[in-house]
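Participant: Just dropping this structure here.
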Amino acid sequence: MSNAIRVYRHALSGHCHRIELMLSLLGLPATFIEVDLAAGEHKGPTFLNLNAFAQVPVLDDQGVILADSNAILVYLERRYGSSSGAGQGANRWLPEDPLIQAQVQRWLSVAAGPLANSAMKARLVTVFNAPFDPEPLIAGAHELFAIMDAHLANQSFLAGEQATLAEISLYSYIAHAPEGNVSLEPYPHLRAWLQRIEALEGFVPMAATNVGLLS
């Protein structure tokens with residue numbers, strides 16, 4: 001069972017942490033295979049056979065190969081979280097209610113769009129020496145975080161009063177936004193939301209970085 005699920009990842013990738021967090025919340029053991037991005041391993045023929053887009057993470061669930069972190073989250077929830085009783089049990093991560101499902105999808109889109117194009121890229125500058133102008137990225141992150149902070153002023157989680165895939169998709173890059181010089185101090189509701197996620201049974205943090213050494 002411990003080797004049934006394999007995840008190809010980079011430990012400092014927020015996209016990959018989403019999958020590690022989802023697996024842990026569901027109580028699913030997995031084997032993590034580190035992909036050496038600096039050496040270009042993700043662009044080699046072996047990895048490209050798993051994901052032609054040359055991106056981590058990639059999930060191998062007993063021969064079912066799936067890429068894209070948000071797609072993997074949906075797969076894991078539908079495959080293991082909805083009826084197996086794993087992890088949170090009745091606390092489904094993608095409820096059947098059509099409106100809540102639509103709200104979750106909205107936040108998955110935010111994770112893939114506004115968050116990826118602001119806080120994530122700002123962190124890439126400091127952690128991976130990415131050649132981006134950080135100022136507009138930092139400004140974009142603050143714009144997004146202000147919207148989210150106001151949204152969370154009146155509810156505990158993004159799609160209501162229960163944690164969903166929306167939390168898992170957005171948590172990693174928001175929690176680690178300070179590594180990209182995006183302060184979370186102005187956003188008390190957002191910080192409280194992070195703490196609520198960290199209090200979930202099965203939560204695991206992303207690997208720590210020393211930006212001073214990596215930048």
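For the structure tokens, the naming scheme is as follows: chains receive sequential letters (A, B, ...) according to their order of presentation, residues are indexed from 1 within each chain, and ligands are indexed from 1 in presentation order.
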Could you pull out all residues of chain A with a DSSP call of helix (DSSP H, G or I) and give them as JSON, numbers by chain?
Facilitator: {"A": [14, 15, 16, 17, 18, 19, 20, 21, 22, 23, 24, 25, 26, 41, 42, 43, 45, 46, 47, 48, 69, 70, 71, 72, 73, 74, 75, 76, 77, 78, 79, 80, 81, 98, 99, 100, 101, 102, 103, 104, 105, 106, 107, 108, 109, 110, 111, 112, 113, 114, 115, 116, 117, 118, 119, 120, 121, 122, 123, 124, 125, 126, 127, 128, 134, 135, 136, 137, 138, 139, 140, 141, 142, 143, 144, 145, 146, 147, 148, 149, 150, 151, 165, 166, 167, 168, 169, 170, 171, 172, 173, 174, 175, 177, 178, 179, 180, 188, 189, 190, 191, 192, 193, 194, 195, 196, 197, 198, 211, 212, 213, 214]}
Participant: Restrict the calculation to only C-alpha atoms, then for each residue of segment 148-173 of chain A with any atom at most 12 Å from an atom of segment 130-141 of chain A give the closest atom pair and their distance in Å to one decimal, rows by chain and rising residue number, as a tab-separated table.
Facilitator:
residue	atom	partner	partner_atom	distance
A:Met148	CA	A:Ala141	CA	10.4
A:Asp149	CA	A:Ala141	CA	11.9
A:Tyr173	CA	A:Ala141	CA	10.3
Participant: Return as CSV the residues of segment 159-187 of chain A lying at most 7 Å from segment 93-105 of chain A, together with the closest atom-to-atom pair for each and the distance in Å to one decimal, counting only C-alpha atoms, with rows in chain order and ascending residue number.
Facilitator:
residue,atom,partner,partner_atom,distance
A:Ala159,CA,A:Gln103,CA,5.8
A:Ala163,CA,A:Trp93,CA,6.7
A:Thr164,CA,A:Trp93,CA,4.1
A:Leu165,CA,A:Trp93,CA,5.3
A:Ala166,CA,A:Val104,CA,5.3
Participant: Which polymer residues have any atom within 9 Å of an atom of segment 45-56 of chain A, counting only C-alpha atoms, with same-chain residues fewer than 3 positions away left out, as a list in words?
Facilitator: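 Returned residues: Val7, Tyr8, Arg9, His10, Ser13, His15, Cys16, Val35, Glu41, His42, Leu59, Asp60, Ile65, Leu66, Ala67, Asp68 and Ser69 of chain A.
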Participant: Restricting it to N, CA, C and O atoms, dump the selection as a JSON list (two decimals), in the first residue's frame.
Facilitator:
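The result, stored in part_26.json:
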[["chain", "number", "residue", "atom", "x", "y", "z"],
["A", 7, "VAL", "N", 4.37, 10.08, -6.34],
["A", 7, "VAL", "CA", 4.26, 11.48, -6.72],
["A", 7, "VAL", "C", 5.65, 11.99, -7.13],
["A", 7, "VAL", "O", 6.59, 11.95, -6.33],
["A", 8, "TYR", "N", 5.74, 12.44, -8.36],
["A", 8, "TYR", "CA", 6.97, 13.07, -8.85],
["A", 8, "TYR", "C", 6.87, 14.55, -8.52],
["A", 8, "TYR", "O", 5.89, 15.21, -8.90],
["A", 9, "ARG", "N", 7.85, 15.07, -7.81],
["A", 9, "ARG", "CA", 7.70, 16.42, -7.28],
["A", 9, "ARG", "C", 9.04, 17.11, -7.08],
["A", 9, "ARG", "O", 10.12, 16.50, -7.20],
["A", 10, "HIS", "N", 8.97, 18.40, -6.74],
["A", 10, "HIS", "CA", 10.09, 19.16, -6.19],
["A", 10, "HIS", "C", 9.62, 19.66, -4.83],
["A", 10, "HIS", "O", 8.55, 20.27, -4.71],
["A", 13, "SER", "N", 8.22, 23.22, -4.27],
["A", 13, "SER", "CA", 7.14, 23.67, -5.15],
["A", 13, "SER", "C", 5.81, 23.67, -4.40],
["A", 13, "SER", "O", 5.39, 22.66, -3.83],
["A", 15, "HIS", "N", 2.95, 23.89, -5.83],
["A", 15, "HIS", "CA", 2.06, 23.00, -6.59],
["A", 15, "HIS", "C", 2.18, 21.56, -6.08],
["A", 15, "HIS", "O", 1.19, 20.85, -5.96],
["A", 16, "CYS", "N", 3.41, 21.16, -5.79],
["A", 16, "CYS", "CA", 3.63, 19.80, -5.29],
["A", 16, "CYS", "C", 3.16, 19.66, -3.85],
["A", 16, "CYS", "O", 2.64, 18.61, -3.46],
["A", 35, "VAL", "N", 12.28, 15.31, -8.36],
["A", 35, "VAL", "CA", 12.69, 15.61, -9.73],
["A", 35, "VAL", "C", 13.67, 16.78, -9.68],
["A", 35, "VAL", "O", 13.34, 17.84, -9.13],
["A", 41, "GLU", "N", 15.93, 17.68, -15.25],
["A", 41, "GLU", "CA", 15.38, 16.32, -15.32],
["A", 41, "GLU", "C", 13.95, 16.32, -15.85],
["A", 41, "GLU", "O", 13.53, 15.37, -16.53],
["A", 42, "HIS", "N", 13.21, 17.40, -15.56],
["A", 42, "HIS", "CA", 11.81, 17.47, -16.01],
["A", 42, "HIS", "C", 11.68, 17.64, -17.51],
["A", 42, "HIS", "O", 10.59, 17.52, -18.06],
["A", 59, "LEU", "N", 1.23, 12.54, -10.72],
["A", 59, "LEU", "CA", 0.74, 11.46, -9.89],
["A", 59, "LEU", "C", 0.73, 10.16, -10.68],
["A", 59, "LEU", "O", 0.29, 10.13, -11.83],
["A", 60, "ASP", "N", 1.23, 9.11, -10.06],
["A", 60, "ASP", "CA", 1.12, 7.75, -10.61],
["A", 60, "ASP", "C", 0.38, 6.91, -9.58],
["A", 60, "ASP", "O", 0.95, 6.52, -8.56],
["A", 65, "ILE", "N", -1.76, 7.78, -14.62],
["A", 65, "ILE", "CA", -0.82, 8.91, -14.65],
["A", 65, "ILE", "C", -1.61, 10.20, -14.86],
["A", 65, "ILE", "O", -2.41, 10.31, -15.79],
["A", 66, "LEU", "N", -1.37, 11.16, -13.98],
["A", 66, "LEU", "CA", -2.12, 12.41, -14.05],
["A", 66, "LEU", "C", -1.21, 13.57, -13.66],
["A", 66, "LEU", "O", -0.49, 13.50, -12.66],
["A", 67, "ALA", "N", -1.25, 14.63, -14.45],
["A", 67, "ALA", "CA", -0.50, 15.84, -14.17],
["A", 67, "ALA", "C", -1.47, 16.99, -13.91],
["A", 67, "ALA", "O", -2.68, 16.85, -14.09],
["A", 68, "ASP", "N", -0.91, 18.12, -13.47],
["A", 68, "ASP", "CA", -1.62, 19.34, -13.10],
["A", 68, "ASP", "C", -2.15, 19.19, -11.67],
["A", 68, "ASP", "O", -2.98, 18.32, -11.38],
["A", 69, "SER", "N", -1.65, 20.07, -10.79],
["A", 69, "SER", "CA", -1.95, 19.90, -9.37],
["A", 69, "SER", "C", -3.44, 19.99, -9.05],
["A", 69, "SER", "O", -3.96, 19.20, -8.26]]
Participant: Contacts of His17 of chain A at 8 Å or less, counting only C-alpha atoms, minus same-chain residues fewer than 3 places along, as a tab-separated table (two decimals) with N, CA, C and O atoms, in the first residue's frame?
Facilitator:
chain	number	residue	atom	x	y	z
A	11	ALA	N	10.41	19.43	-3.80
A	11	ALA	CA	9.96	19.67	-2.43
A	11	ALA	C	9.64	21.13	-2.14
A	11	ALA	O	8.87	21.43	-1.23
A	12	LEU	N	10.23	22.06	-2.89
A	12	LEU	CA	9.99	23.49	-2.64
A	12	LEU	C	8.90	24.06	-3.53
A	12	LEU	O	8.68	25.27	-3.54
A	13	SER	N	8.22	23.22	-4.27
A	13	SER	CA	7.14	23.67	-5.15
A	13	SER	C	5.81	23.67	-4.40
A	13	SER	O	5.39	22.66	-3.83
A	14	GLY	N	5.14	24.82	-4.41
A	14	GLY	CA	3.82	24.90	-3.81
A	14	GLY	C	2.81	24.03	-4.52
A	14	GLY	O	1.89	23.49	-3.91
A	20	GLU	N	0.92	16.74	-1.62
A	20	GLU	CA	1.36	16.16	-0.35
A	20	GLU	C	0.33	16.43	0.75
A	20	GLU	O	0.00	15.55	1.55
A	21	LEU	N	-0.19	17.66	0.78
A	21	LEU	CA	-1.17	18.03	1.79
A	21	LEU	C	-2.47	17.24	1.61
A	21	LEU	O	-3.04	16.73	2.57
A	172	SER	N	-0.59	26.90	-0.04
A	172	SER	CA	0.87	26.83	-0.04
A	172	SER	C	1.53	28.14	-0.45
A	172	SER	O	2.44	28.64	0.24
A	205	PRO	N	3.24	20.74	6.71
A	205	PRO	CA	3.77	21.97	6.11
A	205	PRO	C	4.62	21.67	4.88
A	205	PRO	O	5.06	20.53	4.68
A	206	MET	N	4.84	22.70	4.09
A	206	MET	CA	5.77	22.58	2.98
A	206	MET	C	7.19	22.69	3.51
A	206	MET	O	7.42	23.32	4.55
Participant: Contacts of Val64 of chain A at 12 Å or less, counting only C-alpha atoms, minus same-chain residues fewer than 6 places along, as a PyMOL selection string?
Facilitator: chain A and resi 4-7+50+58+72+75-76+79
Participant: Give the strand (DSSP E or B) residues of chain A, as assigned by DSSP on the backbone, as number ranges by chain.
Facilitator: A: 5-9, 31-34, 58-61, 64-67, 157, 160
Participant: The selected residues should be written to file as a tab-separated table (two decimals), in the first residue's frame (atoms: C-alpha atoms).
Facilitator:
chain	number	residue	atom	x	y	z
A	5	ILE	CA	0.69	6.05	-5.01
A	6	ARG	CA	3.82	7.73	-6.39
A	7	VAL	CA	4.26	11.48	-6.72
A	8	TYR	CA	6.97	13.07	-8.85
A	9	ARG	CA	7.70	16.42	-7.28
A	31	THR	CA	6.13	7.53	-2.24
A	32	PHE	CA	7.62	10.89	-3.24
A	33	ILE	CA	10.15	10.97	-6.06
A	34	GLU	CA	12.24	14.13	-6.26
A	58	VAL	CA	2.82	14.11	-11.61
A	59	LEU	CA	0.74	11.46	-9.89
A	60	ASP	CA	1.12	7.75	-10.61
A	61	ASP	CA	-1.71	5.90	-8.91
A	64	VAL	CA	-3.04	6.00	-13.60
A	65	ILE	CA	-0.82	8.91	-14.65
A	66	LEU	CA	-2.12	12.41	-14.05
A	67	ALA	CA	-0.50	15.84	-14.17
A	157	PHE	CA	-13.31	29.13	4.62
A	160	GLY	CA	-18.35	28.50	3.30
Participant: Please produce, as JSON lines, a per-residue contact table for segment 76-159 of chain A versus segment 175-183 of chain A (criterion: any atom at most 7 Å away, only C-alpha atoms considered), showing the nearest atom pair and its distance in Å to one decimal, sorted by chain then residue number.
Facilitator:
{"residue": "A:Ala119", "atom": "CA", "partner": "A:Ala177", "partner_atom": "CA", "distance": 5.7}
{"residue": "A:Ala122", "atom": "CA", "partner": "A:Gly180", "partner_atom": "CA", "distance": 4.8}
{"residue": "A:Arg123", "atom": "CA", "partner": "A:Gly180", "partner_atom": "CA", "distance": 3.7}
{"residue": "A:Val125", "atom": "CA", "partner": "A:Gly180", "partner_atom": "CA", "distance": 7.0}
{"residue": "A:Thr126", "atom": "CA", "partner": "A:Gly180", "partner_atom": "CA", "distance": 5.9}
{"residue": "A:Ile138", "atom": "CA", "partner": "A:Val182", "partner_atom": "CA", "distance": 5.9}
Participant: Have a look at A:Asn70, A:Ser169, A:Ser24, A:His151 and name the one nearest to Pro188 of chain A; count only C-alpha atoms.
Facilitator: A:His151
Participant: Would you compute the distance between atom CA of Ala71 of chain A and atom CA of Ala38 of chain A? Give it in Å to one decimal.
Facilitator: 24.9 Å
Participant: Any idea what the distance is between atom CA of Asp36 of chain A and atom CA of Asn129 of chain A?
Facilitator: 15.7 Å
Participant: Record the distance separating atom CA of Ser109 of chain A and atom CA of Trp193 of chain A, expressed in Å with one decimal.
Facilitator: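 Separating atom CA of Ser109 of chain A from atom CA of Trp193 of chain A is a distance of 18.8 Å.
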